[in-house]
$ cat structure20.pdb   # PDB, C-alpha atoms
ATOM      1  CA  MET M   1       2.193  -4.781 -19.471
ATOM      2  CA  SER M   2       3.910  -7.542 -21.346
ATOM      3  CA  THR M   3       4.410 -11.049 -20.164
ATOM      4  CA  ALA M   4       7.692 -12.888 -20.138
ATOM      5  CA  ALA M   5       8.491 -15.356 -22.839
ATOM      6  CA  THR M   6       9.691 -18.224 -20.778
ATOM      7  CA  ALA M   7      10.134 -21.733 -22.002
ATOM      8  CA  ASP M   8       8.081 -24.376 -20.258
ATOM      9  CA  ALA M   9      10.184 -27.078 -18.789
ATOM     10  CA  SER M  10       9.838 -30.547 -20.175
ATOM     11  CA  SER M  11      11.002 -32.266 -17.056
ATOM     12  CA  SER M  12      10.607 -31.565 -13.387
ATOM     13  CA  GLY M  13      13.300 -31.364 -10.771
ATOM     14  CA  ASP M  14      16.394 -29.233 -10.829
ATOM     15  CA  THR M  15      18.646 -29.344 -13.824
ATOM     16  CA  THR M  16      21.754 -27.497 -14.820
ATOM     17  CA  GLU M  17      22.505 -25.513 -17.932
ATOM     18  CA  GLY M  18      26.244 -25.148 -18.217
ATOM     19  CA  SER M  19      27.271 -24.279 -14.708
ATOM     20  CA  VAL M  20      23.994 -22.507 -13.925
ATOM     21  CA  ARG M  21      21.544 -24.436 -11.819
ATOM     22  CA  LEU M  22      17.938 -24.273 -12.960
ATOM     23  CA  LEU M  23      14.952 -24.377 -10.668
ATOM     24  CA  THR M  24      11.543 -25.620 -11.727
ATOM     25  CA  LEU M  25       8.588 -23.550 -10.598
ATOM     26  CA  GLN M  26       4.968 -24.609 -11.018
ATOM     27  CA  SER M  27       2.123 -22.101 -10.863
ATOM     28  CA  GLU M  28      -1.172 -22.833  -9.145
ATOM     29  CA  ASP M  29      -2.768 -23.506 -12.539
ATOM     30  CA  GLY M  30      -0.086 -26.019 -13.478
ATOM     31  CA  GLU M  31       2.216 -23.992 -15.757
ATOM     32  CA  VAL M  32       5.829 -25.004 -15.371
ATOM     33  CA  PHE M  33       8.788 -22.630 -15.692
ATOM     34  CA  GLU M  34      12.508 -23.273 -15.580
ATOM     35  CA  VAL M  35      14.373 -20.385 -14.046
ATOM     36  CA  LYS M  36      18.035 -19.838 -13.262
ATOM     37  CA  GLU M  37      18.643 -20.194  -9.544
ATOM     38  CA  THR M  38      20.656 -16.968  -9.528
ATOM     39  CA  ILE M  39      17.562 -15.135 -10.767
ATOM     40  CA  ALA M  40      14.864 -16.878  -8.755
ATOM     41  CA  THR M  41      16.700 -16.240  -5.498
ATOM     42  CA  GLN M  42      15.613 -12.596  -5.766
ATOM     43  CA  SER M  43      12.668 -14.148  -3.945
ATOM     44  CA  VAL M  44      13.617 -14.379  -0.288
ATOM     45  CA  THR M  45      11.223 -17.338   0.051
ATOM     46  CA  ILE M  46      12.895 -19.287  -2.761
ATOM     47  CA  LYS M  47      16.360 -18.308  -1.531
ATOM     48  CA  GLY M  48      15.451 -19.791   1.847
ATOM     49  CA  MET M  49      14.402 -23.032   0.154
ATOM     50  CA  VAL M  50      17.642 -23.159  -1.837
ATOM     51  CA  ASP M  51      19.732 -22.458   1.261
ATOM     52  CA  ASP M  52      17.911 -25.201   3.140
ATOM     53  CA  ASP M  53      18.365 -27.588   0.209
ATOM     54  CA  CYS M  54      14.591 -27.830  -0.263
ATOM     55  CA  ALA M  55      14.587 -26.713  -3.898
ATOM     56  CA  THR M  56      15.621 -30.030  -5.426
ATOM     57  CA  SER M  57      12.252 -30.885  -6.976
ATOM     58  CA  THR M  58       9.501 -28.837  -8.585
ATOM     59  CA  ILE M  59       8.641 -25.848  -6.401
ATOM     60  CA  PRO M  60       4.889 -25.291  -6.253
ATOM     61  CA  VAL M  61       4.073 -21.599  -6.277
ATOM     62  CA  CYS M  62       0.577 -21.729  -4.835
ATOM     63  CA  ASN M  63      -1.672 -18.664  -5.088
ATOM     64  CA  VAL M  64       0.188 -17.403  -8.167
ATOM     65  CA  THR M  65      -1.141 -18.054 -11.679
ATOM     66  CA  GLY M  66       1.081 -18.884 -14.629
ATOM     67  CA  ARG M  67       0.310 -15.522 -16.182
ATOM     68  CA  THR M  68       1.458 -13.672 -13.061
ATOM     69  CA  LEU M  69       4.457 -15.940 -12.533
ATOM     70  CA  ALA M  70       5.584 -15.138 -16.094
ATOM     71  CA  MET M  71       5.473 -11.421 -15.211
ATOM     72  CA  VAL M  72       7.406 -12.089 -12.015
ATOM     73  CA  ILE M  73      10.073 -13.974 -13.986
ATOM     74  CA  GLU M  74      10.296 -11.086 -16.433
ATOM     75  CA  TRP M  75      10.839  -8.803 -13.428
ATOM     76  CA  TRP M  76      13.631 -11.071 -12.157
ATOM     77  CA  ASN M  77      15.257 -11.165 -15.599
ATOM     78  CA  LYS M  78      15.272  -7.375 -15.861
ATOM     79  CA  HIS M  79      16.688  -7.052 -12.364
ATOM     80  CA  GLU M  80      19.439  -9.585 -12.810
ATOM     81  CA  ILE M  81      22.770  -7.875 -12.354
ATOM     82  CA  GLY M  82      23.995  -6.761 -15.767
ATOM     83  CA  ALA M  83      20.685  -7.544 -17.522
ATOM     84  CA  VAL M  84      20.070  -3.943 -18.464
ATOM     85  CA  SER M  85      22.885  -1.601 -19.249
ATOM     86  CA  ASN M  86      22.013   1.189 -16.851
ATOM     87  CA  GLU M  87      19.757   2.385 -14.087
ATOM     88  CA  LYS M  88      17.922   4.783 -16.404
ATOM     89  CA  GLU M  89      16.929   1.975 -18.749
ATOM     90  CA  LEU M  90      15.667  -0.070 -15.819
ATOM     91  CA  LYS M  91      13.641   2.853 -14.458
ATOM     92  CA  GLU M  92      12.108   3.358 -17.904
ATOM     93  CA  TRP M  93      11.100  -0.290 -18.035
ATOM     94  CA  GLU M  94       9.698  -0.110 -14.486
ATOM     95  CA  SER M  95       7.661   2.984 -15.385
ATOM     96  CA  GLN M  96       5.030   0.723 -16.974
ATOM     97  CA  PHE M  97       3.958  -0.021 -13.388
ATOM     98  CA  ASP M  98       3.664   3.663 -12.440
ATOM     99  CA  THR M  99       0.032   4.238 -13.303
ATOM    100  CA  ILE M 100      -2.777   1.882 -12.517
ATOM    101  CA  ASP M 101      -5.599   4.031 -13.862
ATOM    102  CA  ASP M 102      -6.548   1.297 -16.334
ATOM    103  CA  LYS M 103      -8.476  -1.576 -14.813
ATOM    104  CA  SER M 104      -6.235  -4.155 -16.515
ATOM    105  CA  ASP M 105      -3.061  -2.523 -15.121
ATOM    106  CA  ARG M 106      -4.711  -2.385 -11.712
ATOM    107  CA  ASP M 107      -5.524  -6.092 -11.891
ATOM    108  CA  ASP M 108      -1.938  -6.882 -12.925
ATOM    109  CA  VAL M 109      -0.476  -4.819 -10.098
ATOM    110  CA  TYR M 110      -2.814  -6.527  -7.608
ATOM    111  CA  ASP M 111      -1.681  -9.952  -8.830
ATOM    112  CA  LEU M 112       1.966  -8.878  -8.717
ATOM    113  CA  LEU M 113       1.522  -7.437  -5.216
ATOM    114  CA  MET M 114       0.136 -10.714  -3.930
ATOM    115  CA  ALA M 115       2.890 -12.684  -5.699
ATOM    116  CA  ALA M 116       5.614 -10.328  -4.443
ATOM    117  CA  ASN M 117       4.238 -10.681  -0.942
ATOM    118  CA  TYR M 118       3.944 -14.474  -1.128
ATOM    119  CA  LEU M 119       7.374 -14.963  -2.683
ATOM    120  CA  ASN M 120       8.887 -12.087  -0.666
ATOM    121  CA  ILE M 121      10.415 -10.051  -3.500
ATOM    122  CA  PRO M 122      11.273  -6.677  -1.889
ATOM    123  CA  THR M 123      12.012  -4.771  -5.133
ATOM    124  CA  LEU M 124       8.734  -5.820  -6.774
ATOM    125  CA  LEU M 125       6.746  -5.155  -3.608
ATOM    126  CA  ASP M 126       8.249  -1.683  -3.384
ATOM    127  CA  CYS M 127       7.431  -0.890  -7.010
ATOM    128  CA  CYS M 128       3.818  -2.106  -6.810
ATOM    129  CA  THR M 129       3.091  -0.446  -3.471
ATOM    130  CA  SER M 130       4.434   2.844  -4.899
ATOM    131  CA  ALA M 131       1.952   2.565  -7.761
ATOM    132  CA  VAL M 132      -0.914   1.975  -5.321
ATOM    133  CA  ALA M 133       0.209   4.830  -3.028
ATOM    134  CA  GLU M 134       0.322   7.214  -6.003
ATOM    135  CA  ALA M 135      -3.200   6.146  -6.962
ATOM    136  CA  ILE M 136      -4.493   6.744  -3.419
ATOM    137  CA  LYS M 137      -3.089  10.288  -3.224
ATOM    138  CA  GLY M 138      -5.765  12.925  -3.612
ATOM    139  CA  LYS M 139      -8.662  10.465  -3.635
ATOM    140  CA  SER M 140     -11.628  10.782  -1.323
ATOM    141  CA  THR M 141     -13.065   7.760   0.447
ATOM    142  CA  ASP M 142     -15.799   7.352  -2.184
ATOM    143  CA  GLU M 143     -13.327   7.698  -5.032
ATOM    144  CA  MET M 144     -11.124   5.027  -3.471
ATOM    145  CA  ARG M 145     -14.072   2.658  -3.104
ATOM    146  CA  GLU M 146     -14.894   3.093  -6.766
ATOM    147  CA  PHE M 147     -11.283   2.850  -7.942
ATOM    148  CA  PHE M 148     -10.533  -0.345  -6.039
ATOM    149  CA  ASP M 149     -14.032  -1.763  -6.465
ATOM    150  CA  ILE M 150     -14.541  -2.041  -2.700
ATOM    151  CA  LYS M 151     -18.099  -2.249  -1.411
ATOM    152  CA  SER M 152     -18.652  -0.506   1.896
ATOM    153  CA  ASP M 153     -19.078  -3.054   4.690
ATOM    154  CA  PHE M 154     -20.281  -0.433   7.170
ATOM    155  CA  ASP M 155     -23.966  -0.448   8.061
ATOM    156  CA  GLU M 156     -26.120   2.662   7.755
ATOM    157  CA  LYS M 157     -25.526   3.748  11.336
ATOM    158  CA  GLU M 158     -21.765   3.364  10.975
ATOM    159  CA  GLU M 159     -21.794   5.274   7.669
ATOM    160  CA  ASP M 160     -23.598   8.141   9.436
ATOM    161  CA  ALA M 161     -20.974   8.138  12.166
ATOM    162  CA  LEU M 162     -18.225   8.202   9.519
ATOM    163  CA  ARG M 163     -19.807  11.196   7.864
ATOM    164  CA  LYS M 164     -19.813  13.027  11.191
ATOM    165  CA  GLU M 165     -16.238  12.019  11.751
ATOM    166  CA  ASN M 166     -15.497  13.539   8.368
ATOM    167  CA  GLN M 167     -15.938  16.913   9.982
ATOM    168  CA  TRP M 168     -12.344  16.328  10.902
ATOM    169  CA  ALA M 169     -11.498  16.106   7.246
ATOM    170  CA  PHE M 170      -8.638  18.219   6.107
ATOM    171  CA  GLU M 171      -8.987  21.027   3.656
ATOM    172  CA  ASN M 172      -6.116  22.164   1.526
TER     173      ASN M 172
ATOM    174  CA  MET Q   1       2.177 -19.148 -24.184
ATOM    175  CA  ASP Q   2      -1.479 -19.206 -23.395
ATOM    176  CA  ILE Q   3      -2.298 -15.901 -21.765
ATOM    177  CA  LYS Q   4      -5.380 -16.166 -19.663
ATOM    178  CA  LYS Q   5      -7.191 -13.189 -18.252
ATOM    179  CA  HIS Q   6      -8.447 -14.123 -14.862
ATOM    180  CA  LYS Q   7     -11.923 -12.953 -14.105
ATOM    181  CA  TYR Q   8     -11.804 -13.435 -10.358
ATOM    182  CA  HIS Q   9     -12.451 -10.473  -8.105
ATOM    183  CA  ARG Q  10      -9.345  -8.734  -6.824
ATOM    184  CA  ASP Q  11     -10.149  -8.097  -3.187
ATOM    185  CA  TRP Q  12      -8.273  -4.867  -2.446
ATOM    186  CA  SER Q  13      -9.963  -4.616   0.946
ATOM    187  CA  GLY Q  14      -8.308  -7.919   1.848
ATOM    188  CA  LEU Q  15      -4.721  -6.831   1.187
ATOM    189  CA  PRO Q  16      -2.356  -8.358   3.746
ATOM    190  CA  GLU Q  17      -1.455  -5.962   6.560
ATOM    191  CA  ASN Q  18       2.224  -5.837   5.684
ATOM    192  CA  VAL Q  19       1.310  -4.805   2.128
ATOM    193  CA  LEU Q  20      -0.988  -2.089   3.484
ATOM    194  CA  ALA Q  21       1.817  -1.000   5.789
ATOM    195  CA  THR Q  22       4.260  -0.666   2.892
ATOM    196  CA  ILE Q  23       1.680   1.379   0.966
ATOM    197  CA  SER Q  24       0.876   3.618   3.931
ATOM    198  CA  ASP Q  25       4.583   4.282   4.533
ATOM    199  CA  LYS Q  26       4.528   6.136   1.224
ATOM    200  CA  LEU Q  27       1.631   8.394   2.221
ATOM    201  CA  SER Q  28       1.546  11.591   4.242
ATOM    202  CA  LEU Q  29      -1.009  11.951   7.021
ATOM    203  CA  CYS Q  30      -3.595  13.732   4.851
ATOM    204  CA  GLU Q  31      -3.302  11.077   2.183
ATOM    205  CA  PHE Q  32      -3.455   8.299   4.752
ATOM    206  CA  LEU Q  33      -6.480   9.379   6.794
ATOM    207  CA  PRO Q  34      -9.245   8.820   4.178
ATOM    208  CA  LEU Q  35      -8.271   5.131   4.027
ATOM    209  CA  SER Q  36     -10.000   4.438   7.313
ATOM    210  CA  ASN Q  37     -13.469   5.124   5.943
ATOM    211  CA  VAL Q  38     -13.168   2.864   2.915
ATOM    212  CA  CYS Q  39     -13.859  -0.474   4.592
ATOM    213  CA  LYS Q  40     -13.565  -2.217   7.950
ATOM    214  CA  PRO Q  41     -10.252  -4.034   7.326
ATOM    215  CA  TRP Q  42      -8.551  -0.787   6.245
ATOM    216  CA  ARG Q  43     -10.098   0.995   9.217
ATOM    217  CA  SER Q  44      -8.796  -1.460  11.759
ATOM    218  CA  PHE Q  45      -5.375  -1.419  10.076
ATOM    219  CA  GLN Q  46      -5.260   2.368  10.271
ATOM    220  CA  LYS Q  47      -6.373   2.461  13.880
ATOM    221  CA  GLU Q  48      -3.596   0.064  14.791
ATOM    222  CA  THR Q  49      -0.996   1.861  12.690
ATOM    223  CA  LEU Q  50      -1.673   5.384  13.917
ATOM    224  CA  THR Q  51      -1.045   4.397  17.496
ATOM    225  CA  THR Q  52       1.886   2.035  17.070
ATOM    226  CA  HIS Q  53       3.728   2.902  13.899
ATOM    227  CA  ARG Q  54       5.996   5.836  13.286
ATOM    228  CA  ASN Q  55       6.166   7.000   9.699
ATOM    229  CA  PRO Q  56       8.864   9.512   8.730
ATOM    230  CA  LEU Q  57       6.269  11.398   6.654
ATOM    231  CA  ARG Q  58       4.092  11.750   9.728
ATOM    232  CA  GLY Q  59       6.750  12.132  12.374
ATOM    233  CA  PHE Q  60       6.903  15.876  12.640
ATOM    234  CA  PRO Q  61       4.289  17.871  14.539
ATOM    235  CA  TRP Q  62       2.168  20.527  12.948
ATOM    236  CA  LEU Q  63       2.176  24.043  14.263
ATOM    237  CA  VAL Q  64      -1.289  25.225  15.262
ATOM    238  CA  MET Q  65      -1.540  28.811  14.137
ATOM    239  CA  SER Q  66      -5.085  29.724  15.143
ATOM    240  CA  LYS Q  67      -5.372  32.068  18.073
ATOM    241  CA  GLY Q  68      -8.175  32.963  20.385
ATOM    242  CA  THR Q  69     -11.332  31.121  21.233
ATOM    243  CA  GLY Q  70     -13.176  31.420  17.927
ATOM    244  CA  SER Q  71     -14.939  28.652  16.074
ATOM    245  CA  GLY Q  72     -14.345  27.469  12.519
ATOM    246  CA  PRO Q  73     -11.440  25.606  10.972
ATOM    247  CA  LYS Q  74      -8.102  25.877  12.710
ATOM    248  CA  ARG Q  75      -5.065  26.637  10.622
ATOM    249  CA  CYS Q  76      -2.041  24.403  11.030
ATOM    250  CA  PHE Q  77       1.332  24.561   9.363
ATOM    251  CA  SER Q  78       2.959  21.339   8.215
ATOM    252  CA  ALA Q  79       6.679  22.029   7.875
ATOM    253  CA  LEU Q  80       7.299  18.673   6.167
ATOM    254  CA  GLU Q  81       4.871  19.451   3.374
ATOM    255  CA  ASN Q  82       5.414  23.216   3.556
ATOM    256  CA  LYS Q  83       1.643  23.641   3.523
ATOM    257  CA  VAL Q  84      -0.984  25.274   5.661
ATOM    258  CA  ARG Q  85      -3.890  22.948   6.376
ATOM    259  CA  LYS Q  86      -7.242  23.819   7.827
ATOM    260  CA  ILE Q  87      -8.750  21.311  10.214
ATOM    261  CA  LYS Q  88     -12.296  21.405  11.453
ATOM    262  CA  MET Q  89     -12.277  20.694  15.183
ATOM    263  CA  PRO Q  90     -15.853  21.111  16.392
ATOM    264  CA  LYS Q  91     -14.817  20.090  19.889
ATOM    265  CA  ALA Q  92     -12.358  22.961  20.061
ATOM    266  CA  ASP Q  93     -14.859  25.636  19.060
ATOM    267  CA  GLY Q  94     -15.127  28.272  21.719
ATOM    268  CA  GLY Q  95     -12.151  26.816  23.574
ATOM    269  CA  LEU Q  96      -8.682  28.163  24.052
ATOM    270  CA  ILE Q  97      -5.854  26.144  22.549
ATOM    271  CA  TRP Q  98      -3.744  25.867  25.627
ATOM    272  CA  GLY Q  99      -0.841  23.758  24.455
ATOM    273  CA  SER Q 100       0.148  20.263  23.467
ATOM    274  CA  PHE Q 101       1.660  17.260  25.112
ATOM    275  CA  GLU Q 102       2.949  14.348  23.030
ATOM    276  CA  ASP Q 103       0.095  13.526  20.603
ATOM    277  CA  TRP Q 104      -2.499  15.518  22.548
ATOM    278  CA  LEU Q 105      -3.820  18.983  22.015
ATOM    279  CA  VAL Q 106      -5.133  20.571  25.170
ATOM    280  CA  ILE Q 107      -8.136  22.857  24.816
ATOM    281  CA  ALA Q 108      -9.343  24.897  27.771
ATOM    282  CA  LYS Q 109     -13.051  25.533  27.464
ATOM    283  CA  SER Q 110     -13.670  27.729  30.460
ATOM    284  CA  LEU Q 111     -12.334  28.210  33.989
ATOM    285  CA  SER Q 112     -15.119  26.224  35.554
ATOM    286  CA  ASP Q 113     -14.846  23.236  33.178
ATOM    287  CA  GLU Q 114     -12.231  20.551  33.063
ATOM    288  CA  PRO Q 115      -9.852  21.018  30.130
ATOM    289  CA  ASP Q 116     -11.193  19.118  27.160
ATOM    290  CA  GLN Q 117      -8.583  16.923  25.543
ATOM    291  CA  ILE Q 118      -8.504  16.169  21.854
ATOM    292  CA  TYR Q 119      -6.315  13.552  20.316
ATOM    293  CA  ILE Q 120      -4.448  14.839  17.317
ATOM    294  CA  CYS Q 121      -2.667  12.411  15.077
ATOM    295  CA  ILE Q 122       0.821  13.510  14.168
TER     296      ILE Q 122
END
$ encode --input "structure20.pdb" --output "structure tokens"
Amino acid sequence: MSTAATADASSSGDTTEGSVRLLTLQSEDGEVFEVKETIATQSVTIKGMVDDDCATSTIPVCNVTGRTLAMVIEWWNKHEIGAVSNEKELKEWESQFDTIDDKSDRDDVYDLLMAANYLNIPTLLDCCTSAVAEAIKGKSTDEMREFFDIKSDFDEKEEDALRKENQWAFEN
Amino acid sequence: MDIKKHKYHRDWSGLPENVLATISDKLSLCEFLPLSNVCKPWRSFQKETLTTHRNPLRGFPWLVMSKGTGSGPKRCFSALENKVRKIKMPKADGGLIWGSFEDWLVIAKSLSDEPDQIYICI
């Protein structure tokens, strides 16, 4: 996955570029991004702030690192109306999120999921959850634990009960 | 731009419930069920979801095709997936599948016993 090349802002607060209003977003690790308001409002959270006139100074995007925020901004840029010439091209670009078999892709999709959830970006949330759902399909419980690096928090007795419950497991 | 790889642990078991819900909406019942045994948060989410949430992929009942009072896996037809699934139902062994009501499958074990009810998730 590539990251967006986005210029860091030299000043905080909202500015305008031509007739386009720019918003200043700051990641949890202090990286600052200037983003067109028309693009950033793909986030329902940010749109709410703009509508309520609360987006006049730097918007802190807590819980989201600069690296992830750059990916989110790249997502917004690609999904701006008219940014890509057709639906097919957009789908091709989105296909990089389809498989999360690589650990690094999985980490990226996790970060994007949390960002999409925090910033309320329905299109990004839909794309990332599809990738996770595809990864879950066909995996047993143990395979899922390994894939998502989840340690069982059931005690021995509970694990035994689960195994018995597995008698309900479905066979193809 | 300085690209930093973050080393912190991504806690998939701690995914927010609405994120889990969006993921589970994209799964059929058979794909969804194994989630409950992965960890406690996923288990409690699934328990809650199966009883309160209606998913279009899981909204159509299966047709139980096994006859008689035999033991062994019961064959069920899922019209949505166009697949026959076999389900092990130890509690139903030796019982007669009598019928179903809402999400319940009613098994009659014998004339002298009370009908044994088994919850089936559909």
$ resolve_selection --input "structure20.pdb" --expression "the PyMOL selection byres ((chain M and resi 141-155) around 12)" --output "PyMOL selection string"
(chain M and resi 100-107+109-110+132-140+156-163+166+169) or (chain Q and resi 9-15+31-43)
$ residues_around --input "structure20.pdb" --residues "Q:Asn82" --least-positions-apart "2" --cutoff "12 Å" --atoms "only C-alpha atoms" --output "list in words"
Asn172 of chain M; Phe60, Trp62, Leu63, Cys76, Phe77, Ser78, Ala79, Leu80, Val84 and Arg85 of chain Q
$ atom_distance --input "structure20.pdb" --atom1 "atom CA of M:Glu34" --atom2 "atom CA of M:Leu22"
6.1 Å
$ atom_distance --input "structure20.pdb" --atom1 "atom CA of M:Cys54" --atom2 "atom CA of M:Glu37"
12.7 Å
$ atom_distance --input "structure20.pdb" --atom1 "atom CA of M:Ser27" --atom2 "atom CA of M:Ala131"
24.9 Å
$ resolve_selection --input "structure20.pdb" --expression "the PyMOL selection byres ((chain M and resi 30) around 10)" --output "VMD selection string"
chain M and resid 25 to 29 31 to 33 60 to 62 65 to 66
$ axis_aligned_box --input "structure20.pdb" --around "stretch 26-42 of chain Q" --padding-each-side "5 Å" --output "JSON"
{"center_x": -4.7, "center_y": 4.8, "center_z": 4.6, "size_x": 28.4, "size_y": 27.8, "size_z": 16.7}
$ closest_residue --input "structure20.pdb" --among "Q:Val64, Q:Val106, Q:Met89, Q:Ala21" --to "chain M" --atoms "all atoms listed in the file"
Q:Met89
$ resolve_selection --input "structure20.pdb" --expression "the PyMOL selection byres ((chain Q and resi 19) around 8)" --output "VMD selection string"
(chain M and resid 113 117 125 129) or (chain Q and resid 15 to 18 20 to 23)
